[in-house]
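K.L.:
My structure is below; once you've seen it, I'll send some questions.
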Amino acid sequence: MTTAAQPGPPPADDQLIRAEDGAEVIVAFRNGRPIRLGDVAEVSDSVINTRLAGWFNGERGVVVYVRKQPDANVVETVDAVKAALPEIARWLPPSLKVHTLYDRTVLIRESVAEVTRTIAIAIGLVMVVVALFLRRLAATLVPVMSIPVA
């Protein structure tokens, strides 16, 4: 005994290679008839905004923004991305070049170095002032040693 195939939508296929394939996607049913995307919209192979592009040194490029997680360390994240860039570049065609457009950690690293220098100068000044007033080496070393710990 054979049974007739039930009429209905074709099997689902999620492989939309071209825009024309998306035009056949059913978006609704009205009066028992399927309404396809191509019936209600213009479907074409394009991008969302044709007036937006990435540029680097006057040449067309692709800009990729990397953002850290809220609890991540910025410097460690950038170091990890920079360490992965040579591996990523190996997978790209030779005509494509990878460049760092903006690195916020340069400012962060310089700020940390400046704070370190400022603390070293402060320790030196405290040592000189305490030595001038107390005029004893042992009494001078106690505050000088406690500053970095504090």
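By order of appearance in the structure tokens: chains A, B, ..., then residues from 1 within every chain, and ligands from 1 in the order shown.
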Applying 12 Å and only C-alpha atoms, which residues near Ser95 in chain A remain after dropping the ones on its own chain fewer than 5 positions away? List them as a PDB file with N, CA, C and O atoms, in the first residue's frame.
P.N.:
```pdb
ATOM      1  N   GLY A  61      40.552  48.845   2.947  1.00  0.00           N
ATOM      2  CA  GLY A  61      40.926  47.809   3.900  1.00  0.00           C
ATOM      3  C   GLY A  61      39.731  47.331   4.697  1.00  0.00           C
ATOM      4  O   GLY A  61      38.617  47.819   4.544  1.00  0.00           O
ATOM      5  N   ALA A  89      47.950  36.051  10.079  1.00  0.00           N
ATOM      6  CA  ALA A  89      48.504  36.530   8.811  1.00  0.00           C
ATOM      7  C   ALA A  89      48.959  35.364   7.928  1.00  0.00           C
ATOM      8  O   ALA A  89      48.906  35.460   6.702  1.00  0.00           O
ATOM      9  N   ARG A  90      49.401  34.276   8.530  1.00  0.00           N
ATOM     10  CA  ARG A  90      49.824  33.101   7.740  1.00  0.00           C
ATOM     11  C   ARG A  90      48.668  32.504   6.965  1.00  0.00           C
ATOM     12  O   ARG A  90      48.859  31.913   5.908  1.00  0.00           O
TER      13      ARG A  90
END
```
K.L.:
Using only C-alpha atoms, which protein or nucleic acid residues come within 10 Å of Glu24 in chain A? Drop anything in the same chain fewer than 2 positions from it, and give the result as a PyMOL selection string.
P.N.:
chain A and resi 16+19-22+26-27+34-39+43
K.L.:
Write out as an MDAnalysis selection string all residues of range 38-136 of chain A that backbone DSSP assigns to alpha helix (DSSP H).
P.N.:
chainID A and resid 38:40 74:91 105:134
K.L.:
Tell me which protein, DNA and RNA residues are within 10 Å of Thr105 in chain A, counting only C-alpha atoms, leaving out same-chain ones fewer than 4 positions away, and put them as a list in words.
P.N.:
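The filter keeps Val74, Val75, Glu76, Thr77, Val78, Asp79, Arg109, Glu110 and Ser111 of chain A.
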K.L.:
When you count only C-alpha atoms, which of these residues is closest to Ile119 in chain A: A:Arg30, A:Arg18, A:Pro148, A:Leu132?
P.N.:
A:Pro148
K.L.:
Nearest to Val98 in chain A among A:Arg33, A:Arg51, A:Lys82, A:Arg136, with distances taken over only C-alpha atoms: which residue is it?
P.N.:
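The shortest atom-to-atom distance to Val98 in chain A comes from A:Lys82.
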K.L.:
Mind checking which residues fall within 10 Å of Thr100 in chain A, counting only C-alpha atoms, ignoring those fewer than 2 positions away in the same chain, and posting them as JSON, numbers by chain?
P.N.:
{"A": [56, 63, 64, 82, 85, 98, 102, 103]}
K.L.:
Between A:Ile108, A:Ala122, A:Val47, A:Ala53, which has the minimum distance to Asn73 in chain A (counting only C-alpha atoms)?
P.N.:
A:Ile108
K.L.:
What parts of range 24-130 of chain A does DSSP call strand (DSSP E or B)? I'd like the answer as a PyMOL selection string.
P.N.:
chain A and resi 26-30+33-36+54-56+59-61
K.L.:
Using Å and a single decimal, report how far CA of Arg117 in chain A sits from CA of Val142 in chain A.
P.N.:
21.2 Å
K.L.:
What is the distance between CA of Ala131 in chain A and CA of Val144 in chain A, in Å to one decimal?
P.N.:
9.9 Å
